[in-house]
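Visitor: Got model.txt for you, compact mmCIF, C-alpha atoms and all ligand atoms:
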# COMPACT_ATOMS: atom_id res chain seq x y z
CA MET W 751 0.00 0.00 0.00
CA GLU W 752 1.47 3.34 -1.07
CA SER W 753 1.55 5.85 1.74
CA THR W 754 0.65 9.47 1.22
CA VAL W 755 3.21 12.25 1.42
CA SER W 756 1.63 13.29 4.68
CA GLN W 757 2.19 9.82 6.13
CA LYS W 758 5.75 9.76 4.82
CA LEU W 759 6.41 13.09 6.51
CA ASP W 760 4.88 11.90 9.77
CA ALA W 761 7.06 8.77 9.68
CA ILE W 762 10.30 10.66 9.08
CA PHE W 763 9.34 13.33 11.62
CA ASN W 764 8.77 10.59 14.18
CA LEU W 765 12.16 9.05 13.41
CA GLN W 766 13.78 12.44 13.84
CA ALA W 767 12.13 12.91 17.23
CA ILE W 768 13.53 9.58 18.45
CA ASP W 769 16.99 10.30 17.05
CA SER W 770 17.03 13.71 18.70
CA LYS W 771 16.33 12.06 22.06
CA LEU W 772 19.12 9.54 21.46
CA ASP W 773 21.44 12.39 20.47
CA ALA W 774 20.65 14.16 23.73
CA ILE W 775 21.51 11.04 25.75
CA LEU W 776 24.79 10.53 23.92
CA LYS W 777 25.61 14.21 24.18
CA VAL W 778 25.39 14.15 27.98
CA ARG W 779 27.41 10.96 28.16
CA GLY W 780 29.75 12.16 25.44
CA ALA W 781 31.27 14.92 27.55
CA LEU W 782 31.90 12.91 30.69
CA PRO W 783 34.02 10.06 29.33
CA GLU W 784 36.30 12.70 27.83
CA GLU W 785 36.56 14.52 31.17
CA VAL W 786 37.28 11.25 32.95
CA GLN W 787 39.94 10.44 30.39
CA ASP W 788 41.54 13.89 30.77
CA LEU W 789 41.69 13.47 34.54
CA GLU W 790 43.17 10.00 34.24
CA ASP W 791 45.87 11.37 31.92
CA GLU W 792 46.55 14.25 34.30
CA ILE W 793 46.84 11.88 37.26
CA ALA W 794 49.16 9.57 35.33
CA GLY W 795 51.34 12.62 34.64
CA TYR W 796 51.46 13.51 38.34
CA GLU W 797 52.30 9.93 39.28
CA THR W 798 55.20 9.93 36.83
CA ARG W 799 56.47 13.19 38.33
CA LEU W 800 56.04 11.77 41.82
CA GLU W 801 58.19 8.77 40.91
CA LYS W 802 60.78 11.12 39.41
CA PHE W 803 60.89 13.20 42.61
CA GLN W 804 61.27 10.06 44.72
CA ALA W 805 64.07 8.82 42.45
CA GLU W 806 65.82 12.20 42.79
CA ILE W 807 65.56 12.01 46.57
CA ASN W 808 67.01 8.48 46.49
CA THR W 809 69.90 9.71 44.36
CA TYR W 810 70.61 12.54 46.81
CA GLU W 811 70.52 10.09 49.71
CA ASP W 812 72.99 7.85 47.90
CA GLU W 813 75.22 10.87 47.36
CA ILE W 814 75.13 11.67 51.06
CA LYS W 815 76.05 8.06 51.85
CA ALA W 816 79.01 8.33 49.48
CA PHE W 817 80.15 11.60 51.08
CA LYS W 818 79.94 9.98 54.52
CA GLU W 819 82.03 7.05 53.27
CA ALA W 820 84.56 9.50 51.87
CA ILE W 821 84.77 11.23 55.24
CA LYS W 822 85.39 7.88 56.95
CA ASP W 823 88.13 7.09 54.43
CA SER W 824 89.71 10.48 55.02
CA GLU W 825 89.56 9.96 58.78
CA LYS W 826 91.28 6.59 58.40
CA LEU W 827 93.97 8.19 56.29
CA ILE W 828 94.42 10.98 58.82
CA LYS W 829 94.86 8.42 61.57
CA LYS W 830 97.39 6.57 59.46
CA TYR W 831 99.30 9.75 58.58
CA GLN W 832 99.35 10.87 62.19
CA GLU W 833 100.94 7.56 63.17
CA GLN W 834 103.46 7.90 60.33
CA GLN W 835 104.25 11.41 61.45
CA MET W 836 105.40 10.07 64.82
CA ASN W 837 108.10 8.11 63.11
CA VAL W 838 109.48 10.52 60.51
CA ARG W 839 113.21 10.62 59.94
CA ASN W 840 113.48 14.21 58.80
CA ASN W 841 111.66 17.51 58.38
CA ARG W 842 111.01 16.90 54.70
CA GLU W 843 109.04 13.72 55.47
CA TYR W 844 107.24 15.51 58.27
CA ASP W 845 106.21 18.37 55.94
CA ALA W 846 105.07 15.94 53.24
CA ILE W 847 102.79 14.17 55.70
CA THR W 848 101.52 17.49 57.05
CA LYS W 849 100.44 18.40 53.49
CA GLU W 850 98.63 15.06 53.16
CA LEU W 851 96.91 15.66 56.45
CA GLU W 852 95.81 19.12 55.35
CA LEU W 853 94.52 17.67 52.09
CA GLN W 854 92.42 15.05 53.87
CA ASP W 855 91.12 17.66 56.26
CA LEU W 856 90.07 19.75 53.29
CA GLU W 857 88.41 16.69 51.70
CA ILE W 858 86.39 16.21 54.87
CA GLN W 859 85.29 19.84 54.93
CA VAL W 860 84.23 19.70 51.29
CA ALA W 861 82.29 16.46 51.89
CA LYS W 862 80.53 17.96 54.92
CA LYS W 863 79.57 21.05 52.93
CA LYS W 864 78.20 18.80 50.17
CA ILE W 865 76.20 16.81 52.70
CA THR W 866 74.62 20.03 54.01
CA GLU W 867 73.81 21.21 50.47
CA THR W 868 72.38 17.86 49.44
CA SER W 869 70.28 17.65 52.60
CA LEU W 870 68.77 21.03 51.72
CA LYS W 871 68.00 19.74 48.23
CA ILE W 872 66.27 16.72 49.77
CA ASP W 873 64.21 18.97 52.05
CA GLN W 874 63.10 21.10 49.08
CA LYS W 875 62.30 18.01 47.02
CA LYS W 876 60.22 16.63 49.87
CA ILE W 877 58.24 19.88 50.04
CA ASP W 878 57.59 19.63 46.28
CA LEU W 879 56.68 15.98 46.71
CA ASP W 880 54.15 16.74 49.45
CA ALA W 881 52.56 19.53 47.39
CA LEU W 882 52.32 17.19 44.43
CA LYS W 883 50.71 14.52 46.59
CA LEU W 884 48.06 17.02 47.68
CA THR W 885 47.31 17.95 44.06
CA LEU W 886 47.19 14.30 43.16
CA ASP W 887 44.73 13.54 45.97
CA ASP W 888 42.60 16.46 44.81
CA ARG W 889 42.50 15.27 41.22
CA GLN W 890 41.84 11.73 42.35
CA LYS W 891 38.76 12.97 44.22
CA ASP W 892 37.62 14.83 41.09
CA LEU W 893 38.12 11.67 39.07
CA ASP W 894 36.18 9.50 41.50
CA GLN W 895 33.32 12.00 41.43
CA LYS W 896 33.24 12.20 37.63
CA LYS W 897 33.43 8.44 37.34
CA ASN W 898 30.49 8.07 39.69
CA GLU W 899 28.59 10.69 37.73
CA LEU W 900 29.29 8.88 34.49
CA ASP W 901 28.29 5.52 35.93
CA THR W 902 25.07 7.04 37.24
CA ILE W 903 24.25 8.71 33.92
CA ILE W 904 24.96 5.55 32.01
CA SER W 905 22.84 3.45 34.34
CA GLU W 906 20.07 6.07 34.28
CA SER W 907 19.95 6.32 30.50
CA GLU W 908 20.72 2.71 29.67
CA SER W 909 17.14 1.52 29.76
CA GLU W 910 15.84 4.68 28.09
CA GLU W 911 18.41 4.27 25.37
CA ALA W 912 17.41 0.65 24.84
CA LYS W 913 13.74 1.63 24.61
CA LEU W 914 14.52 4.44 22.18
CA ASN W 915 16.58 2.11 20.04
CA ALA W 916 13.68 -0.34 19.93
CA ASP W 917 11.31 2.52 19.03
CA ARG W 918 13.75 3.63 16.38
CA THR W 919 13.80 0.24 14.72
CA LYS W 920 9.99 0.33 14.53
CA ALA W 921 9.93 3.93 13.32
CA LEU W 922 12.54 3.26 10.68
CA LYS W 923 10.43 0.44 9.20
CA LYS W 924 7.74 2.99 8.41
CA VAL W 925 10.16 5.19 6.48
CA GLU W 926 10.80 4.51 2.80
CA GLU W 927 14.32 3.30 2.18
CA ARG W 928 15.04 6.11 -0.27
CA ILE W 929 13.92 8.74 2.23
CA ALA W 930 15.76 7.03 5.08
CA LYS W 931 18.98 7.17 3.09
CA SER W 932 18.77 10.87 2.39
CA TYR W 933 17.67 11.43 5.98
CA GLU W 934 20.88 9.79 7.25
CA LYS W 935 22.94 11.78 4.79
CA ILE W 936 21.42 15.11 5.87
CA ARG W 937 21.85 14.17 9.54
CA GLU W 938 25.53 13.39 9.04
CA ASN W 939 26.13 16.85 7.66
CA ALA W 940 23.91 18.70 10.13
CA LYS W 941 25.75 19.89 13.24
CA ASN W 942 22.65 19.64 15.40
CA GLY W 943 21.67 16.23 14.00
CA LEU W 944 18.44 17.63 12.62
CA ALA W 945 17.43 16.37 9.18
CA VAL W 946 13.70 16.97 9.53
CA VAL W 947 12.44 20.30 10.80
CA LEU W 948 9.37 22.49 10.87
CA VAL W 949 9.08 25.98 9.47
CA LYS W 950 9.02 28.27 12.49
CA ARG W 951 8.16 31.96 12.30
CA GLY W 952 8.56 31.85 8.57
CA ALA W 953 12.05 30.35 8.73
CA CYS W 954 13.62 26.92 8.36
CA GLY W 955 13.86 25.33 11.84
CA GLY W 956 17.30 23.99 10.97
CA CYS W 957 19.22 26.88 9.40
CA PHE W 958 16.83 29.75 10.20
CA ASN W 959 16.77 31.05 6.66
CA THR W 960 13.48 32.50 5.49
CA VAL W 961 11.09 30.18 3.70
CA PRO W 962 9.03 32.11 1.09
CA PRO W 963 5.27 32.22 1.73
CA GLN W 964 4.41 30.24 -1.43
CA ARG W 965 6.78 27.49 -0.34
CA GLN W 966 5.25 27.53 3.11
CA ALA W 967 1.84 27.05 1.49
CA ASP W 968 3.19 24.06 -0.47
CA ILE W 969 4.65 22.58 2.72
CA ARG W 970 1.26 22.94 4.44
CA GLU W 971 -0.43 21.07 1.63
CA LYS W 972 1.89 18.06 2.09
CA LYS W 973 1.50 17.03 -1.53
CA LYS W 974 5.24 16.50 -2.01
CA LEU W 975 8.47 16.32 -0.03
CA ILE W 976 9.96 19.78 0.23
CA VAL W 977 13.48 20.50 1.41
CA CYS W 978 14.96 23.78 2.59
CA GLU W 979 16.66 25.44 -0.35
CA HIS W 980 19.47 26.68 1.93
CA CYS W 981 20.38 23.66 4.04
CA GLY W 982 18.60 20.76 2.34
CA ARG W 983 16.71 19.68 5.47
CA ILE W 984 13.31 18.12 5.01
CA LEU W 985 10.57 20.59 5.90
CA ALA W 986 7.89 18.41 7.49
CA GLY W 987 5.37 21.12 8.22
CA VAL W 988 4.71 24.65 9.34
CA GLU W 989 4.44 25.37 13.02
CA GLU W 990 1.46 27.64 13.35
CA GLU W 991 2.22 30.76 15.29
CA VAL W 992 0.16 31.48 18.32
CA VAL W 993 -1.27 34.82 17.35
CA GLU W 994 -1.91 37.02 20.31
CA GLU W 995 -5.23 38.79 20.53
CA PRO W 996 -4.71 42.23 19.05
CA ALA W 997 -4.94 44.99 21.59
CA PRO W 998 -8.36 46.62 21.49
CA LYS W 999 -8.40 49.69 19.25
CA ARG W 1000 -8.73 53.04 20.82
CA LYS W 1001 -12.00 53.81 19.13
CA ARG W 1002 -13.56 50.61 20.40
CA ALA W 1003 -12.11 51.17 23.81
CA THR W 1004 -13.65 54.61 23.95
CA LYS W 1005 -16.91 53.19 22.78
CA ALA W 1006 -16.82 50.50 25.44
CA LYS W 1007 -16.13 53.06 28.08
CA ALA W 1008 -19.58 54.49 28.03
CA LYS W 1009 -20.04 56.97 30.78
CA PRO W 1010 -22.13 55.51 33.50
CA LYS W 1011 -25.04 57.67 34.26
CA ALA W 1012 -24.67 59.57 37.41
CA LYS W 1013 -27.01 58.46 40.04
CA SER W 1014 -29.66 60.94 40.71
ZN ZN P 1101 17.27 25.34 6.21
Starting from the file, give its structure as structure tokens.
Ligand SMILES: [Zn+2]
Guide:
Amino acid sequence: MESTVSQKLDAIFNLQAIDSKLDAILKVRGALPEEVQDLEDEIAGYETRLEKFQAEINTYEDEIKAFKEAIKDSEKLIKKYQEQQMNVRNNREYDAITKELELQDLEIQVAKKKITETSLKIDQKKIDLDALKLTLDDRQKDLDQKKNELDTIISESESEEAKLNADRTKALKKVEERIAKSYEKIRENAKNGLAVVLVKRGACGGCFNTVPPQRQADIREKKKLIVCEHCGRILAGVEEEVVEEPAPKRKRATKAKAKPKAKS
């Protein structure tokens, strides 16, 4: 049985209504997974930096250990030189050992200074590390919240989405294949996902360009499929404007305001 243009328009308009609802669901969900992903990336970045800070602290601590070892070595040498100095045979030997002793003493001083400097570096790194941990905790809380939100939205819309998809399958069966194809094509190119619109206030409901009065009349008749000449969307009908009651004219108002007769 061949359906009338009016029926065809109703069928495609119905399909559009369902698709718009599905679009709305996906739009809400569409933003959150991205936000969750961004936060996960950000957190991964902080964790990498945290590991780097910890590794730097470990390196500094190893350096301090090495300086302490060097001090011990120098102290051993000093002890050895002091013993040697007791048994020198001449002034020249004595002076040579004195120089060695001075050198080791200097080594110890340098190592101690380095230990102090490195300890300060560790302290600063630990402050940075603590600040980073706070930021990380903060972001982790944001992430948990967003994840919960997303889970809730998904669970809330899951059944609605399933119902809409079932409705869509039924609605699509009522649309001619040829029309369905062009419908999909228009939808792909339309930013707002609208392929079927009404004429509203004399303009296309999709691109808002004016639809000439004669064309509007043709659309009302529903004798053939008419598309917007600007955007190519299917114009399924004309939304009738709610015309407000015109304000009463002055003349009539005056007339209505007949002077009540004064009571005698
Ligand atoms: Zn248009």
Visitor: Just the residues within 6 Å of W:Ala986, please, counting all atoms listed in the file, with nothing from its chain fewer than 6 positions along; format it as a list in words.
Guide: Leu759, Val947 and Leu948 of chain W
Visitor: Take every atom of stretch 763-776 of chain W listed in the file, fit an axis-aligned box around them, add 8 Å per side, and give the centre and edge lengths in Å to one decimal as JSON.
Guide:
{"center_x": 16.8, "center_y": 11.6, "center_z": 18.7, "size_x": 32.0, "size_y": 21.1, "size_z": 30.1}
Visitor: Can you list, as a PyMOL selection string, every protein, DNA or RNA residue that comes within 7 Å of stretch 853-860 of chain W when you count all atoms listed in the file, leaving out same-chain residues fewer than 6 positions away?
Guide: chain W and resi 821+824+828
Visitor: What is the distance, in Å and to one decimal place, between atom CA of W:Asp917 and atom CA of W:Arg970?
Guide: 27.0 Å
Visitor: Calculate how many Å separate atom CA of W:Glu911 from atom CA of W:Lys771, rounding to one decimal.
Guide: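 Calculated distance between atom CA of W:Glu911 and atom CA of W:Lys771 is 8.7 Å.
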Visitor: Kindly give the distance, in Å, that separates atom CA of W:Glu792 and atom CA of W:Leu900, rounded to a single decimal.
Guide: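 Separating atom CA of W:Glu792 from atom CA of W:Leu900 is a distance of 18.1 Å.
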Visitor: Can you tell me which residues sit at most 8 Å away from ligand ZN 1101 (chain P), counting all atoms listed in the file, written as a list in words?
Guide: Ala953, Cys954, Gly955, Gly956, Cys957, Phe958, Asn959, Val977, Cys978, Glu979, His980, Cys981, Gly982 and Arg983 of chain W
Visitor: Looking at W:Ser932, W:Arg951, W:Glu971, W:Leu914, which one is nearest to W:Ser770, with distances taken over only C-alpha atoms?
Guide: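 With only C-alpha atoms as the atom set, the closest residue is W:Leu914.
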Visitor: Using only C-alpha atoms, can you tell me which of W:Gly987, W:Pro962, W:Asn808, W:Asp760 comes closest to W:Lys871?
Guide: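 Among the listed residues, W:Asn808 lies closest to W:Lys871.
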Visitor: Would you mind telling me which residue in W:Ser869, W:Arg799, W:Asp845, W:Arg779 lies nearest to W:Ile904 when using all atoms listed in the file?
Guide: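 Once distances to W:Ile904 are computed over all atoms listed in the file, the minimum belongs to W:Arg779.
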Visitor: I'd like the neighbourhood of W:Lys864 as a PyMOL selection string, where a residue qualifies if any of its atoms comes within 8 Å (using all atoms listed in the file), though same-chain residues fewer than 4 positions away should be ignored.
Guide: chain W and resi 814+817+860+868
Visitor: Let me make sure I understand: among W:Lys849, W:Lys830, W:Lys818, W:Arg842, which one has the smallest atom-to-atom distance to W:Thr866 if we use only C-alpha atoms?
Guide: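 Under the stated criterion, the closest residue is W:Lys818.
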Visitor: Pick the closest to W:Glu908 from W:Ala967, W:Ile762, W:Gln834, W:Ile775: which is it, counting all atoms listed in the file?
Guide: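 Of W:Ala967, W:Ile762, W:Gln834, W:Ile775, the one nearest W:Glu908 is W:Ile775, counting all atoms listed in the file.
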